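Trainee: File protein_31.txt follows (compact mmCIF, C-alpha atoms and all ligand atoms):
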# COMPACT_ATOMS: atom_id res chain seq x y z
CA MET P 1 0.04 3.28 -0.79
CA GLN P 2 -2.15 6.37 -0.67
CA ASP P 3 -5.20 7.12 -2.78
CA LEU P 4 -4.87 9.67 -5.53
CA SER P 5 -7.69 11.34 -7.43
CA ILE P 6 -7.18 12.55 -10.95
CA TYR P 7 -8.81 15.50 -12.67
CA ILE P 8 -8.47 15.96 -16.43
CA HIS P 9 -9.42 19.31 -17.94
CA ILE P 10 -10.81 19.72 -21.46
CA PRO P 11 -10.89 23.47 -22.17
CA PHE P 12 -13.20 23.48 -25.21
CA CYS P 13 -16.90 24.21 -25.65
CA VAL P 14 -19.13 24.49 -28.70
CA ARG P 15 -19.71 28.10 -27.72
CA LYS P 16 -19.12 30.17 -24.60
CA CYS P 17 -22.15 30.46 -22.29
CA LEU P 18 -22.92 34.04 -21.29
CA TYR P 19 -22.32 33.54 -17.54
CA CYS P 20 -19.22 31.37 -17.79
CA ASP P 21 -15.79 32.34 -16.50
CA PHE P 22 -14.32 28.81 -16.56
CA LEU P 23 -11.17 28.12 -18.49
CA SER P 24 -12.87 27.10 -21.73
CA ASP P 25 -13.30 28.45 -25.22
CA LYS P 26 -14.47 27.68 -28.71
CA PRO P 27 -11.82 25.52 -30.41
CA SER P 28 -9.97 26.85 -33.41
CA GLY P 29 -7.74 25.27 -36.06
CA ASN P 30 -6.12 22.02 -34.95
CA GLY P 31 -6.31 23.10 -31.30
CA MET P 32 -8.38 20.17 -30.12
CA SER P 33 -6.25 17.44 -31.63
CA GLU P 34 -2.98 19.12 -30.60
CA TYR P 35 -4.33 19.51 -27.09
CA ALA P 36 -5.33 15.83 -26.86
CA PHE P 37 -1.81 14.83 -27.97
CA ALA P 38 -0.24 17.15 -25.38
CA LEU P 39 -2.57 15.92 -22.65
CA ILE P 40 -1.71 12.29 -23.35
CA ASN P 41 1.98 13.16 -23.10
CA GLU P 42 1.42 14.95 -19.82
CA ILE P 43 -0.41 11.91 -18.40
CA LYS P 44 2.39 9.55 -19.47
CA GLN P 45 4.85 11.29 -17.20
CA ALA P 46 2.57 10.78 -14.19
CA GLY P 47 3.90 7.26 -13.92
CA VAL P 48 6.31 8.69 -11.34
CA TYR P 49 3.33 9.00 -8.98
CA ALA P 50 2.35 5.36 -9.37
CA GLU P 51 5.11 4.32 -6.93
CA ASN P 52 3.29 5.97 -4.03
CA TYR P 53 -0.32 6.18 -5.12
CA ASN P 54 -3.36 4.17 -6.20
CA VAL P 55 -5.78 6.00 -8.46
CA GLY P 56 -9.05 6.14 -6.53
CA THR P 57 -11.25 8.39 -8.69
CA VAL P 58 -11.03 10.11 -12.06
CA PHE P 59 -13.03 13.16 -13.19
CA ILE P 60 -12.90 14.42 -16.76
CA GLY P 61 -14.32 17.93 -16.68
CA GLY P 62 -14.25 21.16 -18.59
CA GLY P 63 -15.24 22.84 -20.73
CA THR P 64 -17.14 20.14 -22.52
CA PRO P 65 -15.20 16.84 -22.65
CA SER P 66 -17.94 15.30 -24.81
CA ILE P 67 -17.07 17.80 -27.56
CA TYR P 68 -14.34 15.38 -28.69
CA GLY P 69 -15.20 12.98 -31.50
CA HIS P 70 -15.06 9.23 -31.19
CA GLY P 71 -11.95 7.61 -29.79
CA VAL P 72 -10.25 10.56 -28.06
CA ILE P 73 -11.66 10.13 -24.55
CA SER P 74 -10.89 6.40 -24.59
CA ASP P 75 -7.32 7.19 -25.73
CA ILE P 76 -6.95 9.51 -22.74
CA ILE P 77 -8.38 7.01 -20.24
CA ASN P 78 -6.40 4.12 -21.71
CA THR P 79 -3.21 6.18 -21.40
CA LEU P 80 -4.00 6.74 -17.74
CA ARG P 81 -4.60 3.03 -17.24
CA GLU P 82 -1.44 1.98 -19.07
CA THR P 83 0.67 4.59 -17.30
CA PHE P 84 -0.32 3.42 -13.86
CA GLU P 85 -0.44 -0.28 -14.69
CA ASN P 86 2.90 -0.37 -16.47
CA VAL P 87 4.72 1.44 -13.73
CA ARG P 88 3.18 -0.47 -10.84
CA LYS P 89 2.54 -3.69 -12.71
CA GLY P 90 -0.62 -3.88 -10.69
CA SER P 91 -4.26 -3.38 -11.37
CA TYR P 92 -5.83 -0.08 -12.20
CA ALA P 93 -9.34 0.04 -10.85
CA PRO P 94 -10.55 3.48 -9.84
CA SER P 95 -13.88 3.25 -8.06
CA GLU P 96 -15.42 6.16 -9.91
CA VAL P 97 -14.67 7.59 -13.36
CA THR P 98 -16.86 10.58 -14.26
CA ILE P 99 -17.14 12.49 -17.49
CA GLU P 100 -18.93 15.82 -17.86
CA CYS P 101 -21.12 15.98 -20.94
CA ASN P 102 -23.33 18.65 -22.34
CA PRO P 103 -26.67 17.81 -23.91
CA GLY P 104 -26.36 18.15 -27.64
CA THR P 105 -22.77 16.86 -27.71
CA VAL P 106 -23.30 13.19 -26.82
CA ASP P 107 -24.66 10.35 -28.88
CA THR P 108 -25.07 6.62 -28.41
CA ASP P 109 -21.70 5.79 -29.99
CA LYS P 110 -19.78 8.17 -27.72
CA LEU P 111 -21.62 6.87 -24.65
CA ALA P 112 -20.85 3.26 -25.64
CA GLU P 113 -17.19 4.25 -26.03
CA TYR P 114 -17.13 5.86 -22.56
CA LYS P 115 -18.73 2.80 -21.02
CA LYS P 116 -16.28 0.44 -22.71
CA CYS P 117 -13.19 2.31 -21.51
CA GLY P 118 -14.31 2.35 -17.87
CA VAL P 119 -16.34 5.52 -17.35
CA ASN P 120 -19.05 4.69 -14.80
CA ARG P 121 -20.57 8.09 -14.03
CA ILE P 122 -22.01 10.69 -16.39
CA SER P 123 -22.53 14.30 -15.36
CA LEU P 124 -24.93 16.19 -17.61
CA GLY P 125 -25.19 19.98 -17.43
CA LEU P 126 -28.83 20.99 -17.78
CA GLN P 127 -28.90 24.17 -15.63
CA SER P 128 -32.62 24.78 -16.25
CA ALA P 129 -35.58 23.09 -17.92
CA ASN P 130 -37.03 26.45 -18.88
CA TYR P 131 -36.37 27.49 -22.48
CA GLU P 132 -36.21 31.24 -21.74
CA GLU P 133 -33.74 30.67 -18.89
CA LEU P 134 -31.52 28.48 -21.07
CA LYS P 135 -31.54 31.22 -23.67
CA MET P 136 -30.68 33.82 -21.02
CA LEU P 137 -27.69 31.69 -19.97
CA GLY P 138 -26.57 31.22 -23.58
CA ARG P 139 -26.73 27.41 -23.38
CA ILE P 140 -26.62 25.49 -26.66
CA HIS P 141 -29.34 23.00 -25.75
CA ARG P 142 -32.98 22.66 -24.78
CA TYR P 143 -34.51 20.57 -22.03
CA GLU P 144 -35.51 17.94 -24.60
CA ASP P 145 -31.83 17.44 -25.56
CA TRP P 146 -31.05 16.68 -21.94
CA VAL P 147 -33.93 14.18 -21.76
CA ASN P 148 -32.57 12.44 -24.86
CA SER P 149 -29.03 12.39 -23.42
CA VAL P 150 -30.25 10.82 -20.17
CA ALA P 151 -32.19 8.19 -22.12
CA ALA P 152 -29.14 7.44 -24.29
CA ALA P 153 -26.90 7.16 -21.20
CA ARG P 154 -29.35 4.74 -19.56
CA LYS P 155 -29.47 2.71 -22.75
CA ALA P 156 -25.66 2.57 -22.80
CA GLY P 157 -25.80 1.06 -19.30
CA PHE P 158 -25.01 4.02 -17.04
CA ASP P 159 -26.62 3.71 -13.63
CA ASN P 160 -24.94 6.73 -12.05
CA ILE P 161 -25.96 10.03 -13.61
CA ASN P 162 -25.64 13.54 -12.22
CA VAL P 163 -27.47 16.63 -13.38
CA ASP P 164 -26.12 20.15 -12.80
CA LEU P 165 -28.64 22.92 -12.21
CA ILE P 166 -28.27 26.65 -11.54
CA SER P 167 -30.70 28.50 -9.31
CA GLY P 168 -31.17 32.17 -8.53
CA LEU P 169 -31.16 33.49 -12.09
CA PRO P 170 -32.33 37.07 -12.60
CA ARG P 171 -36.14 37.16 -12.64
CA GLN P 172 -36.32 33.43 -11.89
CA SER P 173 -39.44 32.63 -9.88
CA ARG P 174 -40.02 29.85 -7.36
CA GLU P 175 -42.61 28.41 -9.74
CA SER P 176 -40.16 28.27 -12.62
CA PHE P 177 -37.41 26.53 -10.60
CA SER P 178 -39.95 24.24 -9.01
CA ASP P 179 -41.00 23.23 -12.52
CA THR P 180 -37.34 22.53 -13.43
CA LEU P 181 -36.99 20.31 -10.35
CA ARG P 182 -40.25 18.49 -11.11
CA ARG P 183 -39.14 17.74 -14.66
CA VAL P 184 -35.69 16.60 -13.54
CA LEU P 185 -37.09 14.36 -10.80
CA GLU P 186 -39.14 12.48 -13.38
CA HIS P 187 -35.87 11.07 -14.73
CA GLU P 188 -34.57 9.80 -11.39
CA THR P 189 -30.92 10.68 -11.85
CA GLU P 190 -28.82 9.39 -8.96
CA HIS P 191 -27.24 12.76 -8.16
CA ILE P 192 -28.32 16.40 -8.44
CA SER P 193 -26.06 19.43 -7.99
CA VAL P 194 -27.77 22.80 -7.56
CA TYR P 195 -25.45 25.79 -7.59
CA SER P 196 -26.56 29.35 -6.92
CA LEU P 197 -25.67 31.65 -9.78
CA ILE P 198 -22.61 33.83 -9.21
CA VAL P 199 -22.49 36.76 -11.59
CA GLU P 200 -18.80 36.79 -12.50
CA LYS P 201 -16.97 39.87 -13.73
CA ASN P 202 -15.61 39.68 -17.29
CA THR P 203 -18.65 37.82 -18.57
CA PRO P 204 -21.40 39.20 -20.83
CA PHE P 205 -23.79 38.24 -18.04
CA TYR P 206 -22.12 40.73 -15.72
CA ASP P 207 -22.73 43.55 -18.18
CA MET P 208 -26.38 42.57 -18.45
CA TYR P 209 -27.12 41.80 -14.79
CA ASN P 210 -24.48 43.62 -12.78
CA PRO P 211 -25.88 43.69 -9.23
CA ASP P 212 -24.26 47.12 -8.73
CA ASN P 213 -26.63 48.56 -11.32
CA MET P 214 -29.71 47.36 -9.47
CA THR P 215 -31.76 49.43 -7.10
CA ASP P 216 -31.76 48.27 -3.47
CA GLU P 217 -35.33 47.04 -3.92
CA GLN P 218 -34.45 45.00 -7.01
CA TYR P 219 -31.42 43.48 -5.30
CA ASP P 220 -33.38 42.64 -2.12
CA GLU P 221 -36.11 41.03 -4.19
CA TRP P 222 -33.55 38.93 -6.10
CA GLU P 223 -31.94 37.81 -2.84
CA ARG P 224 -35.31 36.99 -1.24
CA GLU P 225 -36.38 34.90 -4.18
CA ASP P 226 -32.98 33.17 -4.32
CA ARG P 227 -33.29 32.22 -0.63
CA ALA P 228 -36.85 30.95 -1.14
CA ILE P 229 -35.72 28.84 -4.12
CA TYR P 230 -32.84 27.47 -2.03
CA ASP P 231 -35.24 26.33 0.74
CA MET P 232 -37.75 24.97 -1.73
CA THR P 233 -34.97 22.98 -3.48
CA TYR P 234 -33.98 21.36 -0.20
CA ASP P 235 -37.57 20.37 0.65
CA THR P 236 -38.34 19.11 -2.85
CA LEU P 237 -35.20 17.01 -3.21
CA LEU P 238 -35.47 15.51 0.25
CA SER P 239 -39.03 14.44 -0.37
CA GLY P 240 -37.83 13.09 -3.75
CA GLY P 241 -35.56 10.60 -1.95
CA TYR P 242 -32.24 12.50 -2.10
CA ASN P 243 -29.91 13.26 0.80
CA ARG P 244 -28.09 16.54 0.95
CA TYR P 245 -24.46 15.65 1.72
CA GLU P 246 -22.92 19.01 0.85
CA ILE P 247 -24.36 22.52 0.58
CA SER P 248 -25.08 22.24 -3.15
CA ASN P 249 -25.07 18.48 -3.66
CA TYR P 250 -27.83 15.88 -3.29
CA ALA P 251 -27.60 12.15 -3.90
CA LYS P 252 -29.63 9.01 -3.59
CA PRO P 253 -28.11 6.80 -0.86
CA GLY P 254 -24.73 5.46 -1.96
CA PHE P 255 -24.38 7.79 -4.96
CA GLU P 256 -22.47 10.67 -3.36
CA CYS P 257 -19.70 11.87 -5.69
CA ARG P 258 -16.55 10.18 -4.35
CA HIS P 259 -14.28 12.41 -6.38
CA ASN P 260 -15.67 15.60 -4.88
CA LEU P 261 -15.55 14.05 -1.42
CA VAL P 262 -11.79 13.66 -1.90
CA TYR P 263 -11.52 17.44 -2.44
CA TRP P 264 -13.68 18.18 0.60
CA ASP P 265 -11.71 15.69 2.72
CA ARG P 266 -8.42 17.23 1.60
CA GLY P 267 -7.17 14.10 -0.12
CA ASP P 268 -4.35 14.19 -2.69
CA TYR P 269 -5.33 14.94 -6.27
CA LEU P 270 -3.45 15.50 -9.47
CA GLY P 271 -4.78 17.67 -12.30
CA PHE P 272 -3.87 17.18 -15.95
CA GLY P 273 -4.55 19.71 -18.65
CA LEU P 274 -4.73 23.46 -18.96
CA GLY P 275 -5.14 25.35 -15.70
CA SER P 276 -5.86 22.21 -13.69
CA SER P 277 -5.15 22.36 -9.96
CA SER P 278 -3.44 19.72 -7.88
CA MET P 279 -2.62 19.01 -4.28
CA ILE P 280 0.09 16.51 -3.39
CA ASP P 281 1.39 16.19 0.14
CA ASP P 282 -0.16 19.56 1.11
CA ILE P 283 1.53 21.29 -1.80
CA ARG P 284 -0.91 23.11 -4.05
CA PHE P 285 -0.02 23.92 -7.63
CA LYS P 286 -1.63 24.72 -10.93
CA ASN P 287 -0.89 24.03 -14.56
CA CYS P 288 -0.31 27.04 -16.82
CA ILE P 289 -3.35 28.64 -18.46
CA SER P 290 -1.82 29.49 -21.85
CA LEU P 291 -3.03 26.97 -24.43
CA LYS P 292 -0.09 27.69 -26.72
CA LYS P 293 2.48 27.27 -23.96
CA TYR P 294 0.83 24.03 -22.81
CA ILE P 295 0.69 22.51 -26.30
CA ASP P 296 4.24 23.65 -27.18
CA TYR P 297 5.68 22.15 -24.03
CA TYR P 298 3.94 18.80 -24.08
CA THR P 299 4.26 18.19 -27.79
CA GLN P 300 8.05 18.46 -27.74
CA PRO P 301 9.77 15.10 -28.14
CA ASP P 302 8.79 13.02 -25.12
CA ALA P 303 12.28 12.82 -23.68
CA ASP P 304 12.50 16.59 -23.26
CA ALA P 305 9.17 16.95 -21.51
CA PHE P 306 9.94 14.01 -19.26
CA LYS P 307 13.43 15.00 -18.24
CA ASN P 308 12.14 18.35 -17.01
CA LEU P 309 10.01 16.70 -14.37
CA THR P 310 11.97 16.82 -11.12
CA VAL P 311 11.39 15.92 -7.49
CA SER P 312 10.66 19.11 -5.63
CA PRO P 313 12.66 20.06 -2.54
CA LEU P 314 9.26 20.72 -0.92
CA SER P 315 8.39 17.00 -0.78
CA ASP P 316 9.77 13.77 -2.19
CA LYS P 317 6.26 12.87 -3.38
CA PHE P 318 5.84 15.99 -5.48
CA TYR P 319 7.42 16.27 -8.92
CA THR P 320 7.49 19.67 -10.51
CA ASN P 321 7.89 20.88 -14.07
CA PRO P 322 8.34 24.31 -15.67
CA LEU P 323 4.61 24.62 -16.45
CA TYR P 324 3.49 24.45 -12.84
CA GLU P 325 2.45 27.81 -11.41
CA GLU P 326 1.40 29.07 -8.01
CA VAL P 327 3.26 26.30 -6.18
CA GLN P 328 2.51 26.71 -2.50
CA LYS P 329 3.32 24.49 0.47
CA LEU P 330 0.48 24.98 2.93
CA THR P 331 1.45 25.71 6.50
CA ARG P 332 -0.12 23.61 9.24
CA GLU P 333 -2.41 26.53 10.08
CA GLU P 334 -3.51 26.86 6.44
CA GLN P 335 -4.17 23.13 6.24
CA MET P 336 -6.41 23.26 9.30
CA LEU P 337 -8.37 26.26 8.06
CA GLU P 338 -8.85 24.66 4.66
CA HIS P 339 -10.06 21.49 6.40
CA ILE P 340 -12.61 23.49 8.39
CA MET P 341 -13.72 25.46 5.34
CA LEU P 342 -14.31 22.31 3.30
CA GLY P 343 -15.49 20.11 6.17
CA LEU P 344 -18.27 22.44 7.26
CA ARG P 345 -19.72 22.39 3.74
CA LYS P 346 -20.47 18.67 4.19
CA THR P 347 -23.49 17.64 6.21
CA ALA P 348 -21.28 14.96 7.84
CA GLY P 349 -19.05 17.77 9.11
CA ILE P 350 -15.58 17.34 10.59
CA ASP P 351 -14.44 14.23 12.43
CA ILE P 352 -12.81 15.69 15.54
CA ASN P 353 -10.50 12.74 16.31
CA GLU P 354 -9.31 12.54 12.73
CA PHE P 355 -8.68 16.30 12.69
CA ASN P 356 -6.72 16.09 15.95
CA GLU P 357 -4.54 13.23 14.72
CA ARG P 358 -3.93 14.72 11.32
CA TYR P 359 -2.86 18.13 12.58
CA GLU P 360 -1.61 17.11 16.04
CA THR P 361 -3.93 19.51 17.79
CA ASP P 362 -7.03 19.67 19.98
CA PHE P 363 -9.87 21.02 17.85
CA LEU P 364 -12.29 21.77 20.69
CA LYS P 365 -9.63 23.60 22.67
CA LYS P 366 -8.15 25.49 19.74
CA TYR P 367 -11.52 26.67 18.42
CA ASP P 368 -13.27 26.86 21.77
CA ARG P 369 -14.67 30.38 21.20
CA GLN P 370 -16.10 29.69 17.73
CA VAL P 371 -17.59 26.31 18.68
CA LYS P 372 -19.28 27.79 21.73
CA LYS P 373 -20.60 30.82 19.87
CA TRP P 374 -22.13 28.85 16.99
CA THR P 375 -23.43 25.89 18.99
CA ASP P 376 -25.15 28.33 21.39
CA ALA P 377 -26.70 30.00 18.34
CA GLY P 378 -27.98 26.62 17.10
CA MET P 379 -25.87 26.77 13.94
CA LEU P 380 -23.28 24.13 14.86
CA VAL P 381 -23.77 20.84 16.62
CA ILE P 382 -21.39 18.21 17.98
CA LYS P 383 -22.64 14.67 17.65
CA ARG P 384 -20.95 11.29 17.56
CA GLY P 385 -17.49 12.88 17.54
CA LYS P 386 -18.23 15.19 14.64
CA VAL P 387 -18.81 18.89 14.45
CA CYS P 388 -21.20 19.93 11.74
CA CYS P 389 -23.54 22.70 10.69
CA THR P 390 -27.20 22.31 11.56
CA HIS P 391 -29.71 22.82 8.74
CA ARG P 392 -29.94 26.51 9.69
CA GLY P 393 -26.17 26.69 10.02
CA LEU P 394 -25.57 25.36 6.51
CA ASN P 395 -27.63 28.26 5.16
CA VAL P 396 -25.21 30.73 6.76
CA SER P 397 -22.09 28.56 6.63
CA ASN P 398 -20.01 31.29 4.98
CA GLY P 399 -20.38 33.46 8.09
CA ILE P 400 -19.44 30.56 10.38
CA ILE P 401 -16.41 29.63 8.28
CA VAL P 402 -15.18 33.23 8.19
CA ASP P 403 -15.32 33.30 11.99
CA PHE P 404 -12.92 30.31 12.14
CA ILE P 405 -10.60 31.97 9.65
S1 LIG U 1 -20.66 24.55 -21.27
FE1 LIG U 1 -19.89 24.93 -19.20
S2 LIG U 1 -17.70 25.34 -19.45
FE2 LIG U 1 -18.64 25.50 -21.49
S3 LIG U 1 -19.05 27.66 -21.73
FE3 LIG U 1 -20.92 26.73 -20.92
S4 LIG U 1 -20.74 26.92 -18.67
FE4 LIG U 1 -18.72 27.31 -19.57
Let's see the structure in the file written out as structure tokens.
Mentor:
Amino acid sequence: MQDLSIYIHIPFCVRKCLYCDFLSDKPSGNGMSEYAFALINEIKQAGVYAENYNVGTVFIGGGTPSIYGHGVISDIINTLRETFENVRKGSYAPSEVTIECNPGTVDTDKLAEYKKCGVNRISLGLQSANYEELKMLGRIHRYEDWVNSVAAARKAGFDNINVDLISGLPRQSRESFSDTLRRVLEHETEHISVYSLIVEKNTPFYDMYNPDNMTDEQYDEWEREDRAIYDMTYDTLLSGGYNRYEISNYAKPGFECRHNLVYWDRGDYLGFGLGSSSMIDDIRFKNCISLKKYIDYYTQPDADAFKNLTVSPLSDKFYTNPLYEEVQKLTREEQMLEHIMLGLRKTAGIDINEFNERYETDFLKKYDRQVKKWTDAGMLVIKRGKVCCTHRGLNVSNGIIVDFI
């Protein structure tokens, strides 16, 4: 039996944040309840995977999963449990079940419900503790709402909480982000993710802060400050007792996000819900992104939706259906490059023996030029059978990765 991770996408938010290009929107009409019904039907057909896989981790993300009222998230998780248990007649005990919540959308009853149905990790999007910055991002909450949500989650018994932050906002100073970190550290969450802002096209944020409209001086200043914040974040979180285990992710010992590690280790994962991505047996595929199409398909009588699921000629472990898009079987070369791209993001790096066995190759021979170039430059290091970026290397990892590609 292999491990399988499951991602469940909830594409609804109270309102769209100004910088967001994720697949999420304000719900309308009966959209949320129809979607939940469709999602549950989609999960039911995943029983076919239970013959080969154990569910290792579950991540309910979005969007804002906590937008749903009482009872819906437990229905979804219970369906997952029943689907896998009934088919395998075994136990269903994923080691980590995370739900993303936004401050202002959780309360004690919802948190108690999550706890009862097996959720054991809460991820709370704060982004910034500064009121003006939250307003600039178009977030629906204030810092105080996040503090209340953390307190409520602790009270409900959660001992594994993540906070998401965004650094490098326009006009953000070191002092302001340092203040955000100080206020977050007071609450001793087990995990902190700090992502650098990417100004995405097709967002209101892009129209307001399009880097192309900046003078060279303004852009250089923004980049300089972003870099300084990045270094300051590393120093602050390390002295706060966190380990950096991936470029943007810090955890107290033992609280690394297992679900994300599956992605970075190129494990198998199955996505349910609108636009969710999956990888089974080195086949990558994606669910459709049309809400109407998704709901129409999965709310047809069960038998129809189920009979359309067929074993793909690409692999006997991969079942396809008419809603899957962008189905791609990765070549051996693509698998190796993806492994390097993801592996070098982790501070633990790439296990050379494991790489060689998995892809039947000789890493050091195949990438001799790149390894020599970047180890000589002090950006890569080989230790205890692993190749990983040094601290300086992680800061320029994109350049190193591109050289391998
Ligand atoms: S809460 Fe998250 S997913 Fe929803 S609009 Fe804001 S950034 Fe996007």
Trainee: I want to know what sits within 8 Å of segment 69-77 of chain P, based on all atoms listed in the file, with residues of the same chain fewer than 2 positions away left out; could you give that as a compact mmCIF listing (two decimals) with C-alpha atoms, in the frame of the given file?
Mentor:
# COMPACT_ATOMS: atom_id res chain seq x y z
CA ALA P 36 -5.33 15.83 -26.86
CA LEU P 39 -2.57 15.92 -22.65
CA ILE P 40 -1.71 12.29 -23.35
CA PRO P 65 -15.20 16.84 -22.65
CA SER P 66 -17.94 15.30 -24.81
CA ILE P 67 -17.07 17.80 -27.56
CA THR P 79 -3.21 6.18 -21.40
CA LEU P 80 -4.00 6.74 -17.74
CA ARG P 81 -4.60 3.03 -17.24
CA ASP P 109 -21.70 5.79 -29.99
CA LYS P 110 -19.78 8.17 -27.72
CA GLU P 113 -17.19 4.25 -26.03
CA TYR P 114 -17.13 5.86 -22.56
CA CYS P 117 -13.19 2.31 -21.51
CA GLY P 118 -14.31 2.35 -17.87
Trainee: When you draw a straight line from atom CA of Ala348 of chain P to atom CA of Leu124 of chain P, how long is it in Å?
Mentor: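 Separation between atom CA of Ala348 of chain P and atom CA of Leu124 of chain P: 25.7 Å.
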Trainee: Using all atoms listed in the file, find all polymer residues with an atom at most 12 Å away from the point (-10.8, 31.1, 8.8); report them as a VMD selection string.
Mentor: chain P and resid 333 to 342 344 367 370 397 to 405
Trainee: What gap, in Å, lies between atom CA of Gln127 of chain P and atom CA of Arg154 of chain P?
Mentor: 19.8 Å
Trainee: Enumerate residues in contact with ligand LIG 1 (chain U): an atom-to-atom distance of at most 7 Å, counting all atoms listed in the file. Format the result as a PyMOL selection string.
Mentor: chain P and resi 12-13+15-17+19-22+24-25+62-64+102+139
Trainee: Just write the chosen residues, C-alpha atoms, as an mmCIF file, in the coordinates of the input.
Mentor:
data_model
loop_
_atom_site.group_PDB
_atom_site.id
_atom_site.type_symbol
_atom_site.label_atom_id
_atom_site.label_comp_id
_atom_site.auth_asym_id
_atom_site.auth_seq_id
_atom_site.Cartn_x
_atom_site.Cartn_y
_atom_site.Cartn_z
ATOM 1 C CA PHE P 12 -13.200 23.480 -25.210
ATOM 2 C CA CYS P 13 -16.900 24.210 -25.650
ATOM 3 C CA ARG P 15 -19.710 28.100 -27.720
ATOM 4 C CA LYS P 16 -19.120 30.170 -24.600
ATOM 5 C CA CYS P 17 -22.150 30.460 -22.290
ATOM 6 C CA TYR P 19 -22.320 33.540 -17.540
ATOM 7 C CA CYS P 20 -19.220 31.370 -17.790
ATOM 8 C CA ASP P 21 -15.790 32.340 -16.500
ATOM 9 C CA PHE P 22 -14.320 28.810 -16.560
ATOM 10 C CA SER P 24 -12.870 27.100 -21.730
ATOM 11 C CA ASP P 25 -13.300 28.450 -25.220
ATOM 12 C CA GLY P 62 -14.250 21.160 -18.590
ATOM 13 C CA GLY P 63 -15.240 22.840 -20.730
ATOM 14 C CA THR P 64 -17.140 20.140 -22.520
ATOM 15 C CA ASN P 102 -23.330 18.650 -22.340
ATOM 16 C CA ARG P 139 -26.730 27.410 -23.380
#
Trainee: I'd like to know which of P:Leu323, P:Pro204, P:Thr98, P:Arg174 is closest to Asp159 of chain P, using all atoms listed in the file.
Mentor: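 Closest candidate: P:Thr98.
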Trainee: Just the residues within 6 Å of segment 254-260 of chain P, please, counting all atoms listed in the file, with nothing from its chain fewer than 3 positions along; format it as a list in words.
Mentor: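 Those residues are Thr57, Ala251 and Tyr263 of chain P.
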Trainee: Between P:Ser28, P:Thr108, P:Asn54, P:Ser248, single out the one closest to Asn148 of chain P, counting only C-alpha atoms.
Mentor: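 Using only C-alpha atoms, Asn148 of chain P sits closest to P:Thr108.
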Trainee: Counting only C-alpha atoms, which residue out of P:Asn287, P:Thr390, P:Asn353, P:Asn395 sits closest to Tyr7 of chain P?
Mentor: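 Nearest to Tyr7 of chain P: P:Asn287.
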Trainee: Would you please work out which residue, of P:Tyr297, P:Tyr219, P:Phe177, P:Trp146, is nearest to Met232 of chain P when using all atoms listed in the file?
Mentor: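 Result for the nearest residue to Met232 of chain P: P:Phe177.
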Trainee: As an exercise, work out the distance from atom CA of Asn162 of chain P to atom CA of Ala50 of chain P in Å and give it to one decimal place.
Mentor: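 That distance, rounded to one decimal, is 29.3 Å.
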